[in-house]
Protein chains: 2
Amino acid sequence: MKVERLHVNYKTLEEFKKFREYGIQELSMMEDLQSNIIENDSISPFYGIYFGDKLVARMSLYKRDAKYDKYFNPPQDYLEVWKLEVLPQYQRKGYGKALVDYAKSFNLPIKTNPRVQSHEFWTSLGFTSADYQMERDLGENPLLWQPADSSSLTDEAM
Amino acid sequence: MKVERLHVNYKTLEEFKKFREYGIQELSMMEDLQSNIIENDSISPFYGIYFGDKLVARMSLYKRDAKYDKYFNPPQDYLEVWKLEVLPQYQRKGYGKALVDYAKSFNLPIKTNPRVQSHEFWTSLGFTSADYQMERDLGENPLLWQPADSSSLTDEAM
């Protein structure tokens with residue numbers, strides 16, 4: 001199970017259509033590619049796992065600067081994970097965990113806001129719910145993870 | 001169809017469980033109520049419509065200050081709508097539109113990030129997709145609406 005950085009090209013964007021969380025991010029990449037605003041095969045924020053030549057799992061990853069951190073205490077650089085998704089017929093085979101392990105390998109705290117019911121999955125990987133703060137979270141259900149050797153603690157743990 | 005501000009009490013929180021987008025926001029309200037951090041029947045950010053004594057539609061509403069506005073140009077106070085949802089057997093009867101019309105009645109721009117496929121619904125009510133900006137939007141699909149007499153324009157229109 002090899003996690004690869006995905007590049008923006010027509011083949012990948014076509015594969016993205018199989019994922020439920022296809023939205024304006026992908027539409028925007030398609031438009032930028034068609035109008036040559038971005039080069040073919042330029043890097044994307046997506047990482048994925050192929051089964052043969054078929055993309056079966058993906059996630060998006062973005063590093064947030066500590067100055068925008070509203071989740072960890074003290075504020076620190078962290079990774080935001082979104083659109084983590086495994087195609088239905090490939091679920092429960094470890095693809096999702098492989099992607100999360102890849103994100104963890106950067107040794108930075110991680111924040112995610114799962115859009116589907118997947119609390120058990122995230123809990124099994126050591127993620128915990130943030131304390132709900134309406135002004136910050138609104139309709140989100142933020143889940144947080146921190147490297148074991150981190151000396152920093154979340155609000156909850158302090 | 002009367003839109004009512006919902007108050008935090010055990011009856012309302014029990015009704016919230018019927019909605020798909022039940023999350024840590026509701027769990028947090030329940031905990032705060034049980035531990036007397038908030039008073040019974042205190043106001044909530046939720047608005048709803050009753051059919052008889054049954055809550056059949058709801059949404060959450062929050063006013064964002066212009067200084068946090070990343071969506072409208074020039075930055076201005078706006079409303080954030082989330083968890084707009086109509087129970088399945090009451091859909092397509094105008095409950096969703098009644099809630100959105102209520103939000104519009106404040107005559108402020110509105111931003112929402114629908115979690116389910118409901119693009120047609122929002123488009124029919126005059127909402128348009130924001131231009132995707134990864135650092136701002138990540139996994140969101142923000143939709144925007146502005147009052148007709150607003151002199152301000154979105155980035156897209158400028």
# chains A, B, ... in the order shown; residues from 1 in each chain; ligands from 1
>>> residues_around(residues="Lys83 in chain B", least_positions_apart="5", cutoff="8 Å", atoms="only C-alpha atoms", output="PDB file with N, CA and C atoms, in the first residue's frame")
ATOM      1  N   GLY A 139     -20.802  24.513  12.212  1.00  0.00           N
ATOM      2  CA  GLY A 139     -21.324  23.176  11.916  1.00  0.00           C
ATOM      3  C   GLY A 139     -20.263  22.091  11.849  1.00  0.00           C
TER       4      GLY A 139
ATOM      5  N   GLU B  21     -27.690  15.881  10.781  1.00  0.00           N
ATOM      6  CA  GLU B  21     -26.499  16.650  11.153  1.00  0.00           C
ATOM      7  C   GLU B  21     -26.447  16.942  12.652  1.00  0.00           C
ATOM      8  N   ARG B  58     -35.004  22.761  10.696  1.00  0.00           N
ATOM      9  CA  ARG B  58     -34.200  23.618  11.550  1.00  0.00           C
ATOM     10  C   ARG B  58     -32.994  24.166  10.784  1.00  0.00           C
ATOM     11  N   MET B  59     -32.414  25.197  11.338  1.00  0.00           N
ATOM     12  CA  MET B  59     -31.123  25.700  10.843  1.00  0.00           C
ATOM     13  C   MET B  59     -30.457  26.440  11.992  1.00  0.00           C
ATOM     14  N   SER B  60     -29.161  26.640  11.858  1.00  0.00           N
ATOM     15  CA  SER B  60     -28.406  27.411  12.820  1.00  0.00           C
ATOM     16  C   SER B  60     -27.950  28.694  12.126  1.00  0.00           C
ATOM     17  N   PRO B 114     -23.136  23.831   2.484  1.00  0.00           N
ATOM     18  CA  PRO B 114     -24.000  22.650   2.615  1.00  0.00           C
ATOM     19  C   PRO B 114     -23.187  21.370   2.648  1.00  0.00           C
TER      20      PRO B 114
END
>>> select_by_dssp(residues="range 25-112 of chain B", states="alpha helix (DSSP H)", output="PyMOL selection string")
chain B and resi 25-34+95-104
>>> write_last_selection(atoms="N, CA, C and O atoms", output="compact mmCIF listing (two decimals), in the first residue's frame")
# COMPACT_ATOMS: atom_id res chain seq x y z
N GLN B 25 -21.94 19.89 18.46
CA GLN B 25 -22.63 21.11 18.89
C GLN B 25 -23.81 20.75 19.81
O GLN B 25 -23.97 21.31 20.89
N GLU B 26 -24.62 19.78 19.37
CA GLU B 26 -25.78 19.37 20.15
C GLU B 26 -25.35 18.64 21.43
O GLU B 26 -25.94 18.83 22.50
N LEU B 27 -24.34 17.78 21.31
CA LEU B 27 -23.85 17.06 22.49
C LEU B 27 -23.33 18.04 23.53
O LEU B 27 -23.54 17.88 24.73
N SER B 28 -22.67 19.09 23.03
CA SER B 28 -22.13 20.10 23.93
C SER B 28 -23.26 20.87 24.64
O SER B 28 -23.18 21.15 25.84
N MET B 29 -24.34 21.18 23.91
CA MET B 29 -25.48 21.86 24.54
C MET B 29 -26.10 20.98 25.62
O MET B 29 -26.48 21.45 26.68
N MET B 30 -26.19 19.67 25.32
CA MET B 30 -26.75 18.74 26.30
C MET B 30 -25.91 18.70 27.57
O MET B 30 -26.43 18.77 28.69
N GLU B 31 -24.59 18.62 27.40
CA GLU B 31 -23.69 18.60 28.56
C GLU B 31 -23.79 19.88 29.38
O GLU B 31 -23.82 19.86 30.61
N ASP B 32 -23.84 21.02 28.66
CA ASP B 32 -23.92 22.31 29.35
C ASP B 32 -25.22 22.44 30.14
O ASP B 32 -25.26 23.02 31.22
N LEU B 33 -26.29 21.85 29.57
CA LEU B 33 -27.59 21.90 30.24
C LEU B 33 -27.57 21.01 31.48
O LEU B 33 -27.99 21.43 32.57
N GLN B 34 -27.04 19.80 31.30
CA GLN B 34 -27.00 18.84 32.41
C GLN B 34 -26.14 19.34 33.57
O GLN B 34 -26.43 19.07 34.73
N TYR B 95 -40.52 24.15 3.54
CA TYR B 95 -39.95 24.43 4.87
C TYR B 95 -38.52 24.97 4.77
O TYR B 95 -38.14 25.90 5.48
N GLY B 96 -37.74 24.38 3.88
CA GLY B 96 -36.36 24.84 3.71
C GLY B 96 -36.33 26.28 3.21
O GLY B 96 -35.58 27.11 3.74
N LYS B 97 -37.16 26.57 2.22
CA LYS B 97 -37.22 27.94 1.69
C LYS B 97 -37.66 28.93 2.77
O LYS B 97 -37.13 30.04 2.87
N ALA B 98 -38.62 28.51 3.60
CA ALA B 98 -39.10 29.41 4.67
C ALA B 98 -37.96 29.75 5.63
O ALA B 98 -37.84 30.90 6.08
N LEU B 99 -37.11 28.78 5.93
CA LEU B 99 -35.97 29.05 6.82
C LEU B 99 -34.98 30.01 6.15
O LEU B 99 -34.49 30.95 6.76
N VAL B 100 -34.68 29.74 4.87
CA VAL B 100 -33.73 30.62 4.16
C VAL B 100 -34.31 32.03 4.04
O VAL B 100 -33.59 33.02 4.22
N ASP B 101 -35.61 32.12 3.75
CA ASP B 101 -36.24 33.45 3.65
C ASP B 101 -36.12 34.20 4.98
O ASP B 101 -35.92 35.40 5.01
N TYR B 102 -36.24 33.45 6.07
CA TYR B 102 -36.09 34.07 7.38
C TYR B 102 -34.67 34.63 7.55
O TYR B 102 -34.48 35.75 8.00
N ALA B 103 -33.69 33.83 7.15
CA ALA B 103 -32.29 34.29 7.23
C ALA B 103 -32.08 35.52 6.35
O ALA B 103 -31.40 36.48 6.75
N LYS B 104 -32.69 35.50 5.16
CA LYS B 104 -32.54 36.65 4.24
C LYS B 104 -33.16 37.91 4.80
O LYS B 104 -32.75 39.02 4.45
>>> residues_around(residues="Leu79 in chain B", least_positions_apart="3", cutoff="8 Å", atoms="only C-alpha atoms", output="list in words")
Leu61, Tyr62, Lys63, Arg64, Ala103, Leu108, Pro109, Ile110 and Lys111 of chain B
>>> write_last_selection(atoms="C-alpha atoms", output="compact mmCIF listing (two decimals), in the first residue's frame")
# COMPACT_ATOMS: atom_id res chain seq x y z
CA LEU B 61 -27.59 31.08 12.34
CA TYR B 62 -24.60 33.12 13.44
CA LYS B 63 -23.63 36.71 12.71
CA ARG B 64 -19.99 37.09 11.72
CA ALA B 103 -32.29 34.29 7.23
CA LEU B 108 -27.25 40.78 5.44
CA PRO B 109 -25.11 38.71 3.06
CA ILE B 110 -25.27 35.00 3.82
CA LYS B 111 -22.65 32.29 3.60
>>> interface_residues(of="chain A", to="chain B", cutoff="6 Å", atoms="only C-alpha atoms", output="ChimeraX atom specification")
/A:24,82,139,141
>>> write_last_selection(atoms="N, CA and C atoms", output="PDB file, in the first residue's frame")
ATOM      1  N   ILE A  24     -16.341  21.857  -5.346  1.00  0.00           N
ATOM      2  CA  ILE A  24     -15.804  22.954  -6.155  1.00  0.00           C
ATOM      3  C   ILE A  24     -14.276  22.962  -6.179  1.00  0.00           C
ATOM      4  N   TRP A  82      -8.548  16.704   4.858  1.00  0.00           N
ATOM      5  CA  TRP A  82      -9.961  16.690   4.455  1.00  0.00           C
ATOM      6  C   TRP A  82     -10.156  15.770   3.256  1.00  0.00           C
ATOM      7  N   GLY A 139     -20.802  24.513  12.212  1.00  0.00           N
ATOM      8  CA  GLY A 139     -21.324  23.176  11.916  1.00  0.00           C
ATOM      9  C   GLY A 139     -20.263  22.091  11.849  1.00  0.00           C
ATOM     10  N   ASN A 141     -17.394  19.311  13.234  1.00  0.00           N
ATOM     11  CA  ASN A 141     -17.168  18.362  14.334  1.00  0.00           C
ATOM     12  C   ASN A 141     -15.679  18.054  14.361  1.00  0.00           C
TER      13      ASN A 141
END
>>> select_by_dssp(residues="chain A", states="strand (DSSP E or B)", output="VMD selection string")
chain A and resid 3 to 8 42 to 51 54 to 64 72 to 73 78 to 86 110 to 112 128 to 129 143 to 145 153 to 154
>>> closest_residue(among="B:Ile37, B:Tyr47, B:Asn107, B:Arg92", to="Asp77 in chain B", atoms="only C-alpha atoms")
B:Asn107
>>> residues_around(residues="Asp65 in chain A", least_positions_apart="4", cutoff="8 Å", atoms="only C-alpha atoms", output="list of chain:residue names")
A:Asp69, A:Gln76, A:Asp77, A:Tyr78
